[in-house]
file input06.cif (mmCIF, N, CA and C atoms)
data_upload
#
loop_
_atom_site.label_atom_id
_atom_site.label_comp_id
_atom_site.auth_asym_id
_atom_site.auth_seq_id
_atom_site.Cartn_x
_atom_site.Cartn_y
_atom_site.Cartn_z
N MET Z 689 120.11 98.89 99.28
CA MET Z 689 120.47 97.48 99.27
C MET Z 689 119.22 96.61 99.46
N PHE Z 690 118.31 96.99 100.37
CA PHE Z 690 117.13 96.17 100.59
C PHE Z 690 116.26 96.10 99.34
N GLY Z 691 116.21 97.21 98.62
CA GLY Z 691 115.41 97.25 97.40
C GLY Z 691 115.89 96.25 96.37
N VAL Z 692 117.19 96.07 96.28
CA VAL Z 692 117.77 95.10 95.34
C VAL Z 692 117.30 93.70 95.71
N ILE Z 693 117.25 93.43 97.00
CA ILE Z 693 116.81 92.12 97.48
C ILE Z 693 115.33 91.91 97.18
N VAL Z 694 114.53 92.91 97.45
CA VAL Z 694 113.09 92.82 97.16
C VAL Z 694 112.87 92.59 95.66
N LYS Z 695 113.59 93.32 94.84
CA LYS Z 695 113.46 93.17 93.38
C LYS Z 695 113.87 91.78 92.93
N ALA Z 696 114.95 91.26 93.49
CA ALA Z 696 115.43 89.93 93.10
C ALA Z 696 114.38 88.86 93.43
N TYR Z 697 113.79 88.95 94.61
CA TYR Z 697 112.76 87.98 94.98
C TYR Z 697 111.51 88.16 94.13
N ARG Z 698 111.15 89.40 93.84
CA ARG Z 698 109.98 89.64 92.99
C ARG Z 698 110.19 88.99 91.63
N LYS Z 699 111.35 89.20 91.07
CA LYS Z 699 111.64 88.61 89.76
C LYS Z 699 111.70 87.09 89.84
N HIS Z 700 112.27 86.57 90.93
CA HIS Z 700 112.33 85.12 91.13
C HIS Z 700 110.93 84.52 91.13
N MET Z 701 109.97 85.25 91.68
CA MET Z 701 108.59 84.77 91.73
C MET Z 701 107.87 84.98 90.39
N GLY Z 702 108.49 85.74 89.49
CA GLY Z 702 107.86 86.00 88.20
C GLY Z 702 106.77 87.05 88.28
N TRP Z 703 106.85 87.92 89.28
CA TRP Z 703 105.83 88.94 89.49
C TRP Z 703 106.28 90.28 88.94
N SER Z 704 105.33 91.03 88.43
CA SER Z 704 105.58 92.41 88.05
C SER Z 704 105.50 93.27 89.31
N GLN Z 705 105.88 94.52 89.18
CA GLN Z 705 105.72 95.43 90.31
C GLN Z 705 104.25 95.57 90.67
N GLU Z 706 103.40 95.57 89.67
CA GLU Z 706 101.96 95.68 89.90
C GLU Z 706 101.44 94.46 90.67
N ASP Z 707 101.87 93.26 90.27
CA ASP Z 707 101.47 92.04 90.98
C ASP Z 707 101.88 92.12 92.45
N THR Z 708 103.13 92.51 92.66
CA THR Z 708 103.66 92.59 94.02
C THR Z 708 102.91 93.62 94.84
N ALA Z 709 102.64 94.76 94.23
CA ALA Z 709 101.91 95.83 94.92
C ALA Z 709 100.53 95.34 95.34
N GLN Z 710 99.86 94.64 94.46
CA GLN Z 710 98.53 94.12 94.77
C GLN Z 710 98.59 93.15 95.95
N LYS Z 711 99.56 92.25 95.93
CA LYS Z 711 99.69 91.25 96.99
C LYS Z 711 100.02 91.88 98.34
N LEU Z 712 100.73 93.01 98.31
CA LEU Z 712 101.13 93.68 99.55
C LEU Z 712 100.21 94.85 99.93
N ASN Z 713 99.16 95.05 99.14
CA ASN Z 713 98.24 96.18 99.36
C ASN Z 713 98.99 97.52 99.36
N MET Z 714 99.83 97.67 98.37
CA MET Z 714 100.62 98.90 98.20
C MET Z 714 100.41 99.38 96.77
N SER Z 715 100.91 100.56 96.48
CA SER Z 715 100.85 101.05 95.10
C SER Z 715 102.08 100.54 94.34
N ARG Z 716 101.95 100.48 93.02
CA ARG Z 716 103.08 100.07 92.19
C ARG Z 716 104.23 101.04 92.36
N SER Z 717 103.91 102.33 92.50
CA SER Z 717 104.97 103.32 92.65
C SER Z 717 105.71 103.13 93.97
N ALA Z 718 105.01 102.66 95.02
CA ALA Z 718 105.69 102.39 96.29
C ALA Z 718 106.68 101.23 96.13
N ILE Z 719 106.29 100.20 95.39
CA ILE Z 719 107.20 99.07 95.14
C ILE Z 719 108.41 99.57 94.35
N SER Z 720 108.17 100.38 93.36
CA SER Z 720 109.27 100.95 92.56
C SER Z 720 110.23 101.74 93.45
N LYS Z 721 109.68 102.56 94.32
CA LYS Z 721 110.52 103.37 95.21
C LYS Z 721 111.31 102.49 96.18
N ILE Z 722 110.69 101.44 96.69
CA ILE Z 722 111.40 100.51 97.57
C ILE Z 722 112.57 99.87 96.83
N GLU Z 723 112.30 99.41 95.61
CA GLU Z 723 113.33 98.74 94.82
C GLU Z 723 114.49 99.68 94.47
N ARG Z 724 114.19 100.97 94.33
CA ARG Z 724 115.24 101.94 94.00
C ARG Z 724 115.88 102.56 95.24
N GLY Z 725 115.44 102.13 96.41
CA GLY Z 725 116.01 102.63 97.65
C GLY Z 725 115.53 104.01 98.04
N LEU Z 726 114.42 104.43 97.48
CA LEU Z 726 113.88 105.76 97.77
C LEU Z 726 112.82 105.74 98.86
N GLN Z 727 112.39 104.54 99.24
CA GLN Z 727 111.37 104.41 100.27
C GLN Z 727 111.70 103.18 101.11
N ALA Z 728 111.62 103.36 102.41
CA ALA Z 728 111.83 102.23 103.33
C ALA Z 728 110.53 101.44 103.42
N PHE Z 729 110.65 100.22 103.89
CA PHE Z 729 109.44 99.45 104.15
C PHE Z 729 109.47 98.96 105.57
N GLU Z 730 108.30 98.71 106.09
CA GLU Z 730 108.16 98.35 107.49
C GLU Z 730 108.35 96.85 107.70
N VAL Z 731 108.61 96.48 108.93
CA VAL Z 731 108.78 95.07 109.28
C VAL Z 731 107.53 94.28 108.91
N SER Z 732 106.37 94.87 109.08
CA SER Z 732 105.12 94.17 108.73
C SER Z 732 105.07 93.87 107.23
N THR Z 733 105.62 94.76 106.42
CA THR Z 733 105.66 94.53 104.97
C THR Z 733 106.63 93.39 104.66
N LEU Z 734 107.76 93.36 105.34
CA LEU Z 734 108.71 92.27 105.16
C LEU Z 734 108.07 90.94 105.54
N ALA Z 735 107.37 90.91 106.66
CA ALA Z 735 106.70 89.68 107.10
C ALA Z 735 105.67 89.23 106.06
N LYS Z 736 104.92 90.17 105.53
CA LYS Z 736 103.92 89.85 104.51
C LYS Z 736 104.60 89.33 103.24
N LEU Z 737 105.72 89.94 102.86
CA LEU Z 737 106.46 89.51 101.67
C LEU Z 737 106.98 88.08 101.85
N MET Z 738 107.49 87.78 103.04
CA MET Z 738 107.97 86.42 103.32
C MET Z 738 106.82 85.42 103.22
N LYS Z 739 105.66 85.82 103.71
CA LYS Z 739 104.50 84.92 103.69
C LYS Z 739 104.00 84.67 102.27
N ILE Z 740 103.85 85.73 101.48
CA ILE Z 740 103.28 85.55 100.13
C ILE Z 740 104.25 84.88 99.17
N THR Z 741 105.55 85.04 99.40
CA THR Z 741 106.52 84.38 98.53
C THR Z 741 106.81 82.95 98.98
N GLY Z 742 106.52 82.67 100.26
CA GLY Z 742 106.88 81.36 100.80
C GLY Z 742 108.39 81.23 100.93
N GLU Z 743 109.07 82.36 100.95
CA GLU Z 743 110.53 82.40 100.97
C GLU Z 743 111.02 83.10 102.24
N PRO Z 744 111.19 82.36 103.36
CA PRO Z 744 111.70 83.01 104.56
C PRO Z 744 113.13 83.53 104.37
N GLY Z 745 113.80 83.07 103.34
CA GLY Z 745 115.15 83.53 103.05
C GLY Z 745 115.23 85.00 102.75
N ILE Z 746 114.13 85.60 102.35
CA ILE Z 746 114.16 87.04 102.07
C ILE Z 746 114.47 87.81 103.34
N GLY Z 747 113.93 87.36 104.45
CA GLY Z 747 114.22 88.01 105.74
C GLY Z 747 115.69 87.84 106.10
N LEU Z 748 116.21 86.64 105.90
CA LEU Z 748 117.63 86.37 106.15
C LEU Z 748 118.50 87.25 105.26
N SER Z 749 118.12 87.36 104.00
CA SER Z 749 118.88 88.18 103.06
C SER Z 749 118.97 89.62 103.53
N ILE Z 750 117.85 90.14 103.99
CA ILE Z 750 117.81 91.53 104.42
C ILE Z 750 118.58 91.71 105.73
N MET Z 751 118.42 90.76 106.65
CA MET Z 751 119.13 90.88 107.93
C MET Z 751 120.64 90.69 107.76
N ALA Z 752 121.04 89.82 106.84
CA ALA Z 752 122.46 89.53 106.65
C ALA Z 752 123.13 90.49 105.68
N GLY Z 753 122.36 91.30 104.99
CA GLY Z 753 122.93 92.25 104.04
C GLY Z 753 123.31 91.58 102.73
N MET Z 754 124.21 92.22 102.00
CA MET Z 754 124.57 91.74 100.66
C MET Z 754 125.16 90.35 100.68
N GLU Z 755 125.94 90.01 101.68
CA GLU Z 755 126.53 88.68 101.73
C GLU Z 755 125.43 87.63 101.81
N GLY Z 756 124.44 87.86 102.65
CA GLY Z 756 123.31 86.97 102.74
C GLY Z 756 122.53 86.91 101.45
N PHE Z 757 122.39 88.05 100.81
CA PHE Z 757 121.69 88.12 99.54
C PHE Z 757 122.39 87.27 98.49
N GLN Z 758 123.72 87.37 98.42
CA GLN Z 758 124.47 86.59 97.44
C GLN Z 758 124.32 85.10 97.69
N ILE Z 759 124.32 84.70 98.96
CA ILE Z 759 124.15 83.30 99.29
C ILE Z 759 122.77 82.81 98.85
N VAL Z 760 121.74 83.57 99.20
CA VAL Z 760 120.37 83.18 98.85
C VAL Z 760 120.19 83.19 97.35
N THR Z 761 120.79 84.14 96.65
CA THR Z 761 120.68 84.19 95.19
C THR Z 761 121.25 82.92 94.57
N GLN Z 762 122.36 82.45 95.10
CA GLN Z 762 122.95 81.21 94.60
C GLN Z 762 122.02 80.03 94.85
N VAL Z 763 121.38 80.02 96.01
CA VAL Z 763 120.47 78.92 96.37
C VAL Z 763 119.25 78.91 95.46
N ILE Z 764 118.66 80.10 95.18
CA ILE Z 764 117.44 80.14 94.37
C ILE Z 764 117.74 80.21 92.87
N GLY Z 765 119.01 80.32 92.54
CA GLY Z 765 119.38 80.33 91.13
C GLY Z 765 119.15 81.65 90.44
N GLY Z 766 119.19 82.76 91.20
CA GLY Z 766 118.95 84.07 90.63
C GLY Z 766 120.11 84.54 89.93
#
call {"tool": "encode", "arguments": {"input": "input06.cif", "output": "structure tokens"}}
result
Amino acid sequence: MFGVIVKAYRKHMGWSQEDTAQKLNMSRSAISKIERGLQAFEVSTLAKLMKITGEPGIGLSIMAGMEGFQIVTQVIGG
């Protein structure tokens, strides 16, 4: 579920997996695994993602689960 949220925000920002990986100092394959739910990410990565996107709603989306994600998606027009 978290991977879906990360992917939605990445796409909202217009970033490729490679762009996102560079900004987070991760590999593209790590971003792919996160988005597919095959790899967890740390709180520090979430904090960095919120900072680079300027979207604190990503943290809310993840903490609130899918319901929060749906609300934020409606707000950002995803």
call {"tool": "axis_aligned_box", "arguments": {"input": "input06.cif", "around": "range 718-724 of chain Z", "padding_each_side": "6 Å", "output": "AutoDock Vina command-line options"}}
result
--center_x 110.4 --center_y 101.1 --center_z 95.1 --size_x 22.9 --size_y 16.6 --size_z 17.0
call {"tool": "atom_distance", "arguments": {"input": "input06.cif", "atom1": "atom C of His700 in chain Z", "atom2": "atom C of Leu737 in chain Z"}}
result
12.0 Å
call {"tool": "residues_around", "arguments": {"input": "input06.cif", "residues": "Gln705 in chain Z", "least_positions_apart": "5", "cutoff": "8 Å", "atoms": "all atoms listed in the file", "output": "PyMOL selection string"}}
result
chain Z and resi 698-699+710-711+715-717+719-720
call {"tool": "resolve_selection", "arguments": {"input": "input06.cif", "expression": "the PyMOL selection byres ((chain Z and resi 691) around 6.5)", "output": "ChimeraX atom specification"}}
result
/Z:689-690,692-696,722-725
call {"tool": "resolve_selection", "arguments": {"input": "input06.cif", "expression": "the PyMOL selection byres (((chain Z and resi 735 and name CA) around 12) and name CA)", "output": "mmCIF file with N, CA and C atoms, in the coordinates of the input"}}
result
data_model
loop_
_atom_site.group_PDB
_atom_site.id
_atom_site.type_symbol
_atom_site.label_atom_id
_atom_site.label_comp_id
_atom_site.auth_asym_id
_atom_site.auth_seq_id
_atom_site.Cartn_x
_atom_site.Cartn_y
_atom_site.Cartn_z
ATOM 1 N N LEU Z 712 100.730 93.010 98.310
ATOM 2 C CA LEU Z 712 101.130 93.680 99.550
ATOM 3 C C LEU Z 712 100.210 94.850 99.930
ATOM 4 N N PHE Z 729 110.650 100.220 103.890
ATOM 5 C CA PHE Z 729 109.440 99.450 104.150
ATOM 6 C C PHE Z 729 109.470 98.960 105.570
ATOM 7 N N GLU Z 730 108.300 98.710 106.090
ATOM 8 C CA GLU Z 730 108.160 98.350 107.490
ATOM 9 C C GLU Z 730 108.350 96.850 107.700
ATOM 10 N N VAL Z 731 108.610 96.480 108.930
ATOM 11 C CA VAL Z 731 108.780 95.070 109.280
ATOM 12 C C VAL Z 731 107.530 94.280 108.910
ATOM 13 N N SER Z 732 106.370 94.870 109.080
ATOM 14 C CA SER Z 732 105.120 94.170 108.730
ATOM 15 C C SER Z 732 105.070 93.870 107.230
ATOM 16 N N THR Z 733 105.620 94.760 106.420
ATOM 17 C CA THR Z 733 105.660 94.530 104.970
ATOM 18 C C THR Z 733 106.630 93.390 104.660
ATOM 19 N N LEU Z 734 107.760 93.360 105.340
ATOM 20 C CA LEU Z 734 108.710 92.270 105.160
ATOM 21 C C LEU Z 734 108.070 90.940 105.540
ATOM 22 N N LYS Z 736 104.920 90.170 105.530
ATOM 23 C CA LYS Z 736 103.920 89.850 104.510
ATOM 24 C C LYS Z 736 104.600 89.330 103.240
ATOM 25 N N LEU Z 737 105.720 89.940 102.860
ATOM 26 C CA LEU Z 737 106.460 89.510 101.670
ATOM 27 C C LEU Z 737 106.980 88.080 101.850
ATOM 28 N N MET Z 738 107.490 87.780 103.040
ATOM 29 C CA MET Z 738 107.970 86.420 103.320
ATOM 30 C C MET Z 738 106.820 85.420 103.220
ATOM 31 N N LYS Z 739 105.660 85.820 103.710
ATOM 32 C CA LYS Z 739 104.500 84.920 103.690
ATOM 33 C C LYS Z 739 104.000 84.670 102.270
ATOM 34 N N ILE Z 740 103.850 85.730 101.480
ATOM 35 C CA ILE Z 740 103.280 85.550 100.130
ATOM 36 C C ILE Z 740 104.250 84.880 99.170
ATOM 37 N N THR Z 741 105.550 85.040 99.400
ATOM 38 C CA THR Z 741 106.520 84.380 98.530
ATOM 39 C C THR Z 741 106.810 82.950 98.980
ATOM 40 N N GLY Z 742 106.520 82.670 100.260
ATOM 41 C CA GLY Z 742 106.880 81.360 100.800
ATOM 42 C C GLY Z 742 108.390 81.230 100.930
ATOM 43 N N GLU Z 743 109.070 82.360 100.950
ATOM 44 C CA GLU Z 743 110.530 82.400 100.970
ATOM 45 C C GLU Z 743 111.020 83.100 102.240
ATOM 46 N N PRO Z 744 111.190 82.360 103.360
ATOM 47 C CA PRO Z 744 111.700 83.010 104.560
ATOM 48 C C PRO Z 744 113.130 83.530 104.370
ATOM 49 N N GLY Z 745 113.800 83.070 103.340
ATOM 50 C CA GLY Z 745 115.150 83.530 103.050
ATOM 51 C C GLY Z 745 115.230 85.000 102.750
ATOM 52 N N ILE Z 746 114.130 85.600 102.350
ATOM 53 C CA ILE Z 746 114.160 87.040 102.070
ATOM 54 C C ILE Z 746 114.470 87.810 103.340
ATOM 55 N N GLY Z 747 113.930 87.360 104.450
ATOM 56 C CA GLY Z 747 114.220 88.010 105.740
ATOM 57 C C GLY Z 747 115.690 87.840 106.100
ATOM 58 N N LEU Z 748 116.210 86.640 105.900
ATOM 59 C CA LEU Z 748 117.630 86.370 106.150
ATOM 60 C C LEU Z 748 118.500 87.250 105.260
ATOM 61 N N ILE Z 750 117.850 90.140 103.990
ATOM 62 C CA ILE Z 750 117.810 91.530 104.420
ATOM 63 C C ILE Z 750 118.580 91.710 105.730
#
call {"tool": "atom_distance", "arguments": {"input": "input06.cif", "atom1": "atom C of Ser704 in chain Z", "atom2": "atom C of Lys721 in chain Z"}}
result
12.9 Å
call {"tool": "atom_distance", "arguments": {"input": "input06.cif", "atom1": "CA of Ala718 in chain Z", "atom2": "atom N of Tyr697 in chain Z"}}
result
15.8 Å
